[in-house]
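Asker: Sharing a structure, written as C-alpha cells. Questions coming.
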2 protein chains.
Amino acid sequence: MALKSDGAREKRAVVLLSGGLDSSTVLAIAQSQGYVVYSLSFDYGQSHRIELAAAARIAERAGVAQHRIIRVDLRSFGGSALTDEIAVPKARSVAEIGTGVPVTYVPARNTVFLSLALAWAEVIGAADIFIGVNALDYSGYPDCRPEFIRAFEEMANLATKVGTEDGVRLRIRTPLIEMSKSQIIHAGLALGVDYSLTTSCYDPSATGVPCGQCDACLLRLKGFAEAGRTDPLGYKG
Amino acid sequence: MALKSDGAREKRAVVLLSGGLDSSTVLAIAQSQGYVVYSLSFDYGQSHRIELAAAARIAERAGVAQHRIIRVDLRSFGGSALTDEIAVPKARSVAEIGTGVPVTYVPARNTVFLSLALAWAEVIGAADIFIGVNALDYSGYPDCRPEFIRAFEEMANLATKVGTEDGVRLRIRTPLIEMSKSQIIHAGLALGVDYSLTTSCYDPSATGVPCGQCDACLLRLKGFAEAGRTDPLGYKG
C-alpha cells in the first residue's frame with residue numbers, strides 16, 4: 001500500500017473501466033469501500049471504440065486518482081465480432097440470444113486486460129484489481145467465470161514481485177459476480193452512478209446511439225425493466 | 001489443431017521470440033519437435049528495441065509460418081530499468097550480480113506476453129505456447145519460475161473457449177527451464193541456431209553492440225565460456 005502525504009496508508013485499486021454499466025458500477029463500489037481508484041481502459045481495436053470516450057467521462061465524474069487508456073492491438077489477431085469483420089448478432093429478446101460462447105467473444109480478452117491491470121497495480125502499489133465480470137446474467141464468455149478469476153488471482157501472486165513479498169496478497173475483486181443486472185442497477189443508482197454516461201452496445205451508431213438488439217443491449221434493457229427503472233439512453237428505432 | 005491442405009493435422013505453436021539467445025533456441029526446439037511455428041514479439045517500450053530487428057531476422061531464417069510484432073505500451077506504466085529512466089545495473093562478473101528481484105524486472109511482463117500469446121493461439125488453433133524461461137541461470141524474475149508457469153497454464157485453460165472444449169489442453173512449454181546457459185547453447189548449436197543473429201544486451205549501443213556488463217550479457221558470456229565456445233557477438237571495449 002502507498003503512503004499518503006499525511007503518512008497514513010492509502011488503499012489503492014486498479015479498476016477496469018470499459019465505459020459500460022457494469023464497470024461503472026464497480027468503480028462506484030470500489031470508491032464506496034474506501035479505495036483510491038486508478039481506472040484503466042483499453043484501446044484494443046474494438047469496433048465500438050466510442051466506449052473509450054464514455055469511460056473517460058465516467059472516470060472524470062467519479063474523480064479517480066488517474067485514468068489511463070492503454071493501446072493493445074487485439075484486432076491484429078482477429079477472431080471476434082468485436083475486432084473483426086464479423087457481424088454482431090442481433091435478437092429481439094434475451095430469450096432469443098444464442099447459447100454457447102458467442103461470436104462477440106474476444107479470445108483471451110479478460111486475461112490480457114487483467115494482466116495489464118496487474119502490471120499497473122504493481123507499479124503504483126495497489127493490491128486490489130476490480131473487474132465487473134458477472135456470472136448470473138451471463139454472457140457465455142469463459143473468462144467471466146468465478147473459476148477463471150480464482151485461477152488468475154493465484155497466478156498473479158506468483159507472477160509479480162509484490163506477490164512474492166510477505167504479507168501482501170493481490171486480489172481480483174468481482175463485486176458483481178453473483179448479482180443480477182437489476183441488482184447491479186439498483187446498487188449503482190444507490191451510489192449515484194449516472195447511467196446516462198455509460199454505453200453498453202456492441203454495435204452503436206457513429207454518434208453512439210445503441211442498437212437495442214445486440215446481446216449487451218438486450219441484457220441491459222432487461223436489467224432496467226426488472227429494476228423498474230428507465231434506461232436513460234435513447235435507443236434506435 | 002488446424003487441418004493442413006492435405007487433410008492431415010498440423011501441430012501449431014506460438015513461440016515468444018524476444019530476439020535473444022534463449023528464445024531463439026526455443027524456436028529451434030519447437031521446430032525440431034514438429035511444430036509449425038507462429039512467432040510473436042512485443043514492442044512494449046523497451047529501451048533495447050533493437051531486439052525486434054533481431055527477432056525478425058531469426059524468424060525469417062527459421063522459416064516460421066508467421067511472425068508478428070504486437071505493440072503494447074508497458075512504458076506508460078514505468079517501474080523498470082528496461083522501460084523507464086532507470087539505469088541498467090552493470091557488473092564485472094556473474095558473481096557480482098545483485099540478489100533479489102533486479103531493477104530490470106518489468107512488472108507482470110511475462111504475464112502480459114503469455115496472455116497475448118494465448119489470444120493468438122486461440123485464434124490460430126494452437127494448443128502450445130513456447131517460452132524461453134529459465135530457472136537455473138536465474139534472472140531473479142518471479143515470472144520465470146516453474147510455479148508461475150504452472151499457474152498460468154491452469155488459468156489459460158479456464159480463460160479460453162478452446163480450453164473449455166473436451167480433449168483440448170493448452171500447454172505452456174518451457175524446454176529451457178531446467179537447463180544451464182551452456183546446455184542451452186549446446187542444444188541450439190546442435191539445431192543450427194545462428195547466435196550471431198541474436199541479441200541479449202539490456203543496454204546496447206545504437207548500432208547494437210552489447211555492453212558486456214549488464215546481467216544479460218554476463219550470463220550469456222558465462223554460458224559461452226562454460227560451453228567452451230566463442231560468442232559470435234562483438235562486445236564493447
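Ligands are numbered from 1 in the order shown, residues from 1 within each chain, and chains are lettered A, B, ... in the order they appear in the C-alpha cells.
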Residues of chain A within 8 Å of chain B, using only C-alpha atoms, as an mmCIF file with C-alpha atoms, in the first residue's frame?

Answerer:
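Saved the output as part.cif:
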```cif
data_model
loop_
_atom_site.group_PDB
_atom_site.id
_atom_site.type_symbol
_atom_site.label_atom_id
_atom_site.label_comp_id
_atom_site.auth_asym_id
_atom_site.auth_seq_id
_atom_site.Cartn_x
_atom_site.Cartn_y
_atom_site.Cartn_z
ATOM 1 C CA ILE A 70 -3.657 1.593 -22.926
ATOM 2 C CA ARG A 71 -3.359 0.561 -26.556
ATOM 3 C CA VAL A 72 -3.075 -3.134 -27.221
ATOM 4 C CA ASP A 73 -3.835 -4.380 -30.671
ATOM 5 C CA LEU A 74 -6.098 -7.405 -30.327
ATOM 6 C CA PHE A 77 -5.240 -11.349 -34.054
ATOM 7 C CA GLY A 78 -8.903 -11.162 -35.134
ATOM 8 C CA GLY A 79 -11.275 -13.982 -34.227
ATOM 9 C CA VAL A 101 -19.716 -18.914 -26.493
ATOM 10 C CA PRO A 107 -10.021 -14.512 -27.385
ATOM 11 C CA ALA A 108 -8.290 -14.126 -24.018
ATOM 12 C CA ARG A 109 -9.502 -10.542 -23.625
ATOM 13 C CA ASN A 110 -10.019 -10.514 -19.871
ATOM 14 C CA THR A 111 -6.716 -12.332 -19.412
ATOM 15 C CA VAL A 112 -4.935 -9.622 -21.393
ATOM 16 C CA SER A 115 -2.514 -8.814 -16.967
ATOM 17 C CA LEU A 116 -2.080 -5.164 -17.869
ATOM 18 C CA LEU A 118 -1.624 -6.308 -12.787
ATOM 19 C CA ALA A 119 1.358 -4.512 -14.302
ATOM 20 C CA TRP A 120 -0.043 -1.138 -13.299
ATOM 21 C CA GLU A 122 2.398 -3.487 -9.135
ATOM 22 C CA VAL A 123 3.911 -0.163 -10.213
ATOM 23 C CA TYR A 141 -17.711 -15.844 -22.059
ATOM 24 C CA PRO A 142 -15.356 -18.358 -20.405
ATOM 25 C CA ASP A 143 -13.279 -15.538 -18.917
ATOM 26 C CA GLU A 147 -13.117 -20.306 -11.561
ATOM 27 C CA PHE A 148 -11.214 -18.221 -14.115
ATOM 28 C CA ALA A 151 -7.058 -19.050 -11.211
ATOM 29 C CA PHE A 152 -5.947 -15.615 -12.393
ATOM 30 C CA GLU A 154 -3.482 -17.450 -7.943
ATOM 31 C CA MET A 155 -1.256 -16.864 -10.950
ATOM 32 C CA LEU A 158 3.211 -15.981 -8.368
ATOM 33 C CA ALA A 159 3.852 -13.632 -11.296
ATOM 34 C CA THR A 160 4.854 -10.493 -9.502
ATOM 35 C CA LYS A 161 7.483 -9.113 -7.217
ATOM 36 C CA THR A 164 6.111 -12.816 -3.536
#
```

Asker: From the DSSP assignment of the backbone, select every residue of segment 6-208 of chain B that is strand (DSSP E), and format the answer as a VMD selection string.

Answerer: chain B and resid 9 to 10 12 to 16 36 to 43 66 to 71 128 to 130 171 to 173

Asker: List the neighbours of segment 62-64 of chain B out to 9 Å using only C-alpha atoms; skip same-chain residues closer than 2 positions along the sequence, and give me the result as a ChimeraX atom specification.

Answerer: /B:27-28,31,36-39,57-60,66-67,193

Asker: Please give the complete set of residues from segment 1-214 of chain B that DSSP, run on the backbone, assigns to alpha helix (DSSP H), formatted as a ChimeraX atom specification.

Answerer: /B:21-32,51-62,109-124,146-159,181-190

Asker: Using only C-alpha atoms, determine which residues lie at most 10 Å from segment 195-203 of chain B, disregarding the query and same-chain residues fewer than 4 positions distant; provide the list as a PDB file with N, CA and C atoms, in the first residue's frame.

Answerer:
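Result file follows (out-v2.pdb):
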```pdb
ATOM      1  N   SER B  18      12.005 -13.080 -28.342  1.00  0.00           N
ATOM      2  CA  SER B  18      12.490 -11.741 -27.987  1.00  0.00           C
ATOM      3  C   SER B  18      13.624 -11.306 -28.904  1.00  0.00           C
ATOM      4  N   GLY B  19      14.251 -12.289 -29.562  1.00  0.00           N
ATOM      5  CA  GLY B  19      15.444 -11.972 -30.339  1.00  0.00           C
ATOM      6  C   GLY B  19      16.709 -12.332 -29.581  1.00  0.00           C
ATOM      7  N   GLY B  20      16.532 -12.879 -28.379  1.00  0.00           N
ATOM      8  CA  GLY B  20      17.669 -13.259 -27.551  1.00  0.00           C
ATOM      9  C   GLY B  20      18.095 -14.700 -27.780  1.00  0.00           C
ATOM     10  N   LEU B  21      19.110 -15.076 -27.040  1.00  0.00           N
ATOM     11  CA  LEU B  21      19.682 -16.420 -27.162  1.00  0.00           C
ATOM     12  C   LEU B  21      18.670 -17.494 -26.754  1.00  0.00           C
ATOM     13  N   ASP B  22      17.998 -17.279 -25.634  1.00  0.00           N
ATOM     14  CA  ASP B  22      17.096 -18.307 -25.124  1.00  0.00           C
ATOM     15  C   ASP B  22      15.910 -18.540 -26.061  1.00  0.00           C
ATOM     16  N   SER B  23      15.217 -17.470 -26.430  1.00  0.00           N
ATOM     17  CA  SER B  23      14.003 -17.656 -27.222  1.00  0.00           C
ATOM     18  C   SER B  23      14.321 -18.174 -28.625  1.00  0.00           C
ATOM     19  N   SER B  24      15.503 -17.819 -29.157  1.00  0.00           N
ATOM     20  CA  SER B  24      15.895 -18.342 -30.468  1.00  0.00           C
ATOM     21  C   SER B  24      16.133 -19.842 -30.400  1.00  0.00           C
ATOM     22  N   THR B  25      16.672 -20.276 -29.269  1.00  0.00           N
ATOM     23  CA  THR B  25      16.876 -21.716 -29.079  1.00  0.00           C
ATOM     24  C   THR B  25      15.536 -22.423 -28.928  1.00  0.00           C
ATOM     25  N   GLN B  46      10.430  -1.053 -24.731  1.00  0.00           N
ATOM     26  CA  GLN B  46      11.750  -1.394 -24.195  1.00  0.00           C
ATOM     27  C   GLN B  46      12.808  -0.465 -24.782  1.00  0.00           C
ATOM     28  N   SER B  47      13.781  -0.105 -23.934  1.00  0.00           N
ATOM     29  CA  SER B  47      14.841   0.776 -24.410  1.00  0.00           C
ATOM     30  C   SER B  47      15.749   0.016 -25.385  1.00  0.00           C
ATOM     31  N   HIS B  48      15.859  -1.309 -25.221  1.00  0.00           N
ATOM     32  CA  HIS B  48      16.698  -2.114 -26.120  1.00  0.00           C
ATOM     33  C   HIS B  48      15.838  -2.653 -27.267  1.00  0.00           C
ATOM     34  N   ARG B  49      15.210  -1.685 -27.963  1.00  0.00           N
ATOM     35  CA  ARG B  49      14.244  -2.005 -29.001  1.00  0.00           C
ATOM     36  C   ARG B  49      14.879  -2.707 -30.190  1.00  0.00           C
ATOM     37  N   ILE B  50      16.185  -2.629 -30.255  1.00  0.00           N
ATOM     38  CA  ILE B  50      16.930  -3.240 -31.342  1.00  0.00           C
ATOM     39  C   ILE B  50      16.683  -4.746 -31.418  1.00  0.00           C
ATOM     40  N   GLU B  51      16.219  -5.326 -30.300  1.00  0.00           N
ATOM     41  CA  GLU B  51      15.965  -6.763 -30.286  1.00  0.00           C
ATOM     42  C   GLU B  51      14.842  -7.149 -31.252  1.00  0.00           C
ATOM     43  N   LEU B  52      13.954  -6.196 -31.578  1.00  0.00           N
ATOM     44  CA  LEU B  52      12.857  -6.507 -32.501  1.00  0.00           C
ATOM     45  C   LEU B  52      13.380  -6.838 -33.901  1.00  0.00           C
ATOM     46  N   ALA B  53      14.418  -6.126 -34.317  1.00  0.00           N
ATOM     47  CA  ALA B  53      15.014  -6.420 -35.622  1.00  0.00           C
ATOM     48  C   ALA B  53      15.684  -7.793 -35.595  1.00  0.00           C
ATOM     49  N   ALA B  54      16.325  -8.105 -34.466  1.00  0.00           N
ATOM     50  CA  ALA B  54      16.956  -9.426 -34.323  1.00  0.00           C
ATOM     51  C   ALA B  54      15.895 -10.525 -34.401  1.00  0.00           C
ATOM     52  N   ALA B  55      14.789 -10.326 -33.704  1.00  0.00           N
ATOM     53  CA  ALA B  55      13.721 -11.332 -33.705  1.00  0.00           C
ATOM     54  C   ALA B  55      13.193 -11.576 -35.118  1.00  0.00           C
ATOM     55  N   ALA B  56      13.011 -10.497 -35.865  1.00  0.00           N
ATOM     56  CA  ALA B  56      12.506 -10.641 -37.236  1.00  0.00           C
ATOM     57  C   ALA B  56      13.491 -11.421 -38.106  1.00  0.00           C
ATOM     58  N   ARG B  57      14.781 -11.141 -37.931  1.00  0.00           N
ATOM     59  CA  ARG B  57      15.807 -11.870 -38.707  1.00  0.00           C
ATOM     60  C   ARG B  57      15.795 -13.353 -38.369  1.00  0.00           C
ATOM     61  N   ILE B  58      15.701 -13.635 -37.074  1.00  0.00           N
ATOM     62  CA  ILE B  58      15.729 -15.028 -36.622  1.00  0.00           C
ATOM     63  C   ILE B  58      14.498 -15.780 -37.141  1.00  0.00           C
ATOM     64  N   ARG B  61      14.962 -16.443 -40.873  1.00  0.00           N
ATOM     65  CA  ARG B  61      15.940 -17.511 -41.100  1.00  0.00           C
ATOM     66  C   ARG B  61      15.341 -18.879 -40.764  1.00  0.00           C
ATOM     67  N   ALA B  81      13.920  -0.654 -15.164  1.00  0.00           N
ATOM     68  CA  ALA B  81      15.074  -0.080 -15.856  1.00  0.00           C
ATOM     69  C   ALA B  81      14.975  -0.301 -17.367  1.00  0.00           C
ATOM     70  N   LEU B  82      14.134  -1.267 -17.793  1.00  0.00           N
ATOM     71  CA  LEU B  82      14.034  -1.533 -19.234  1.00  0.00           C
ATOM     72  C   LEU B  82      13.019  -0.636 -19.932  1.00  0.00           C
ATOM     73  N   ALA B  87      18.784   3.519 -14.591  1.00  0.00           N
ATOM     74  CA  ALA B  87      19.992   2.968 -15.198  1.00  0.00           C
ATOM     75  C   ALA B  87      20.013   1.439 -15.090  1.00  0.00           C
ATOM     76  N   VAL B  88      20.413   0.782 -16.173  1.00  0.00           N
ATOM     77  CA  VAL B  88      20.624  -0.670 -16.155  1.00  0.00           C
ATOM     78  C   VAL B  88      21.885  -0.954 -15.336  1.00  0.00           C
ATOM     79  N   PRO B  89      21.801  -1.792 -14.311  1.00  0.00           N
ATOM     80  CA  PRO B  89      22.985  -2.049 -13.482  1.00  0.00           C
ATOM     81  C   PRO B  89      24.071  -2.809 -14.255  1.00  0.00           C
ATOM     82  N   LYS B  90      25.314  -2.509 -13.926  1.00  0.00           N
ATOM     83  CA  LYS B  90      26.461  -3.153 -14.573  1.00  0.00           C
ATOM     84  C   LYS B  90      27.325  -3.828 -13.519  1.00  0.00           C
ATOM     85  N   THR B 104      15.750  -4.424 -13.526  1.00  0.00           N
ATOM     86  CA  THR B 104      15.351  -4.667 -14.912  1.00  0.00           C
ATOM     87  C   THR B 104      14.050  -5.464 -14.998  1.00  0.00           C
ATOM     88  N   ILE B 185      23.088 -23.364 -25.030  1.00  0.00           N
ATOM     89  CA  ILE B 185      23.939 -23.037 -26.186  1.00  0.00           C
ATOM     90  C   ILE B 185      24.300 -24.304 -26.964  1.00  0.00           C
ATOM     91  N   GLY B 188      21.211 -25.387 -28.884  1.00  0.00           N
ATOM     92  CA  GLY B 188      20.943 -24.506 -30.022  1.00  0.00           C
ATOM     93  C   GLY B 188      21.914 -24.742 -31.170  1.00  0.00           C
ATOM     94  N   LEU B 189      23.190 -24.883 -30.833  1.00  0.00           N
ATOM     95  CA  LEU B 189      24.184 -25.100 -31.890  1.00  0.00           C
ATOM     96  C   LEU B 189      23.916 -26.421 -32.607  1.00  0.00           C
ATOM     97  N   GLY B 208      23.765  -1.586 -31.872  1.00  0.00           N
ATOM     98  CA  GLY B 208      23.502  -2.946 -31.409  1.00  0.00           C
ATOM     99  C   GLY B 208      24.691  -3.645 -30.769  1.00  0.00           C
ATOM    100  N   VAL B 209      25.775  -2.933 -30.524  1.00  0.00           N
ATOM    101  CA  VAL B 209      26.934  -3.561 -29.867  1.00  0.00           C
ATOM    102  C   VAL B 209      26.602  -3.786 -28.389  1.00  0.00           C
ATOM    103  N   PRO B 210      26.693  -5.030 -27.894  1.00  0.00           N
ATOM    104  CA  PRO B 210      26.332  -5.300 -26.499  1.00  0.00           C
ATOM    105  C   PRO B 210      27.358  -4.720 -25.528  1.00  0.00           C
ATOM    106  N   CYS B 211      26.855  -4.350 -24.322  1.00  0.00           N
ATOM    107  CA  CYS B 211      27.703  -3.658 -23.347  1.00  0.00           C
ATOM    108  C   CYS B 211      28.686  -4.587 -22.648  1.00  0.00           C
ATOM    109  N   GLY B 212      28.287  -5.873 -22.520  1.00  0.00           N
ATOM    110  CA  GLY B 212      29.171  -6.830 -21.873  1.00  0.00           C
ATOM    111  C   GLY B 212      29.162  -6.765 -20.360  1.00  0.00           C
ATOM    112  N   GLN B 213      28.355  -5.880 -19.783  1.00  0.00           N
ATOM    113  CA  GLN B 213      28.393  -5.693 -18.327  1.00  0.00           C
ATOM    114  C   GLN B 213      27.032  -5.785 -17.643  1.00  0.00           C
ATOM    115  N   CYS B 214      25.940  -5.835 -18.420  1.00  0.00           N
ATOM    116  CA  CYS B 214      24.628  -5.982 -17.767  1.00  0.00           C
ATOM    117  C   CYS B 214      24.413  -7.471 -17.435  1.00  0.00           C
ATOM    118  N   ASP B 215      23.404  -7.743 -16.618  1.00  0.00           N
ATOM    119  CA  ASP B 215      23.156  -9.131 -16.206  1.00  0.00           C
ATOM    120  C   ASP B 215      23.031 -10.058 -17.416  1.00  0.00           C
ATOM    121  N   ALA B 216      22.290  -9.592 -18.438  1.00  0.00           N
ATOM    122  CA  ALA B 216      22.023 -10.448 -19.590  1.00  0.00           C
ATOM    123  C   ALA B 216      23.311 -10.773 -20.340  1.00  0.00           C
ATOM    124  N   CYS B 217      24.173  -9.778 -20.519  1.00  0.00           N
ATOM    125  CA  CYS B 217      25.466 -10.011 -21.182  1.00  0.00           C
ATOM    126  C   CYS B 217      26.342 -10.954 -20.355  1.00  0.00           C
ATOM    127  N   LEU B 218      26.384 -10.719 -19.042  1.00  0.00           N
ATOM    128  CA  LEU B 218      27.270 -11.524 -18.186  1.00  0.00           C
ATOM    129  C   LEU B 218      26.843 -12.984 -18.171  1.00  0.00           C
ATOM    130  N   LEU B 219      25.509 -13.232 -18.103  1.00  0.00           N
ATOM    131  CA  LEU B 219      25.024 -14.612 -18.100  1.00  0.00           C
ATOM    132  C   LEU B 219      25.311 -15.279 -19.456  1.00  0.00           C
ATOM    133  N   ARG B 220      25.162 -14.508 -20.505  1.00  0.00           N
ATOM    134  CA  ARG B 220      25.424 -15.049 -21.840  1.00  0.00           C
ATOM    135  C   ARG B 220      26.905 -15.410 -22.010  1.00  0.00           C
ATOM    136  N   ASP B 231      31.355 -16.632 -28.192  1.00  0.00           N
ATOM    137  CA  ASP B 231      30.168 -15.863 -28.559  1.00  0.00           C
ATOM    138  C   ASP B 231      30.445 -15.140 -29.869  1.00  0.00           C
ATOM    139  N   PRO B 232      29.642 -15.339 -30.896  1.00  0.00           N
ATOM    140  CA  PRO B 232      29.899 -14.682 -32.187  1.00  0.00           C
ATOM    141  C   PRO B 232      29.695 -13.170 -32.153  1.00  0.00           C
ATOM    142  N   LEU B 233      29.082 -12.639 -31.081  1.00  0.00           N
ATOM    143  CA  LEU B 233      28.868 -11.189 -30.996  1.00  0.00           C
ATOM    144  C   LEU B 233      30.162 -10.489 -30.566  1.00  0.00           C
ATOM    145  N   GLY B 234      30.405  -9.304 -31.134  1.00  0.00           N
ATOM    146  CA  GLY B 234      31.496  -8.470 -30.661  1.00  0.00           C
ATOM    147  C   GLY B 234      30.993  -7.581 -29.520  1.00  0.00           C
ATOM    148  N   TYR B 235      31.763  -7.485 -28.453  1.00  0.00           N
ATOM    149  CA  TYR B 235      31.350  -6.665 -27.292  1.00  0.00           C
ATOM    150  C   TYR B 235      32.139  -5.356 -27.248  1.00  0.00           C
TER     151      TYR B 235
END
```

Asker: Would you kindly return, as a PDB file with C-alpha atoms, in the first residue's frame, each protein, DNA or RNA residue with an atom no farther than 12 Å from any atom of Lys11 of chain A, considering only C-alpha atoms and excluding same-chain residues fewer than 6 positions away?

Answerer:
```pdb
ATOM      1  CA  MET A   1       0.000   0.000   0.000  1.00  0.00           C
ATOM      2  CA  ALA A   2       1.089   3.525  -0.718  1.00  0.00           C
ATOM      3  CA  LEU A   3       1.722   6.182   1.900  1.00  0.00           C
ATOM      4  CA  LYS A   4      -0.463   9.265   1.824  1.00  0.00           C
ATOM      5  CA  ALA A  30     -14.649   0.422  -5.097  1.00  0.00           C
ATOM      6  CA  GLN A  31     -14.818   4.066  -4.078  1.00  0.00           C
ATOM      7  CA  SER A  32     -17.570   3.334  -1.548  1.00  0.00           C
ATOM      8  CA  GLN A  33     -15.213   0.781   0.025  1.00  0.00           C
ATOM      9  CA  GLY A  34     -12.568   3.455   0.544  1.00  0.00           C
ATOM     10  CA  TYR A  35     -10.303   2.685  -2.389  1.00  0.00           C
ATOM     11  CA  VAL A  36      -8.429   5.410  -4.228  1.00  0.00           C
ATOM     12  CA  VAL A  37      -9.184   4.392  -7.809  1.00  0.00           C
ATOM     13  CA  TYR A  38      -6.828   4.146 -10.776  1.00  0.00           C
ATOM     14  CA  ALA A  65      -6.810   9.465  -8.995  1.00  0.00           C
ATOM     15  CA  ALA A 121      -1.118  -2.354  -9.863  1.00  0.00           C
ATOM     16  CA  ILE A 124       1.539   2.007  -8.154  1.00  0.00           C
ATOM     17  CA  GLY A 125       1.440  -0.302  -5.144  1.00  0.00           C
ATOM     18  CA  ALA A 126      -2.191  -1.388  -5.444  1.00  0.00           C
ATOM     19  CA  ALA A 127      -3.057  -4.814  -4.029  1.00  0.00           C
ATOM     20  CA  ASP A 128      -6.578  -4.871  -5.476  1.00  0.00           C
ATOM     21  CA  ILE A 129      -7.870  -5.071  -9.028  1.00  0.00           C
TER      22      ILE A 129
END
```

Asker: Please determine, counting only C-alpha atoms, which residue among B:Thr99, B:Ser93, B:Thr207, B:Gln183 has the shortest atom-to-atom distance to Asn134 of chain B.

Answerer: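 With only C-alpha atoms as the atom set, the closest residue is B:Gln183.
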
Asker: In Å, how far is it from atom CA of Leu176 of chain B to atom CA of Ile131 of chain B?

Answerer: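 Between these atoms lies a distance of 8.4 Å.
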
Asker: Tell me, as a PyMOL selection string, which residues lie within 10 Å of Ala227 of chain A, counting only C-alpha atoms; anything in the same chain fewer than 5 positions away does not count.

Answerer: chain A and resi 180-186+221-222

Asker: Which distance in Å separates atom CA of Gly192 of chain B and atom CA of Val26 of chain B, to one decimal?

Answerer: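 One can read the atom CA of Gly192 of chain B to atom CA of Val26 of chain B distance as 12.1 Å.
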
Asker: May I ask for the distance between atom CA of Arg169 of chain A and atom CA of Asp84 of chain B, given in Å to one decimal place?

Answerer: 25.8 Å
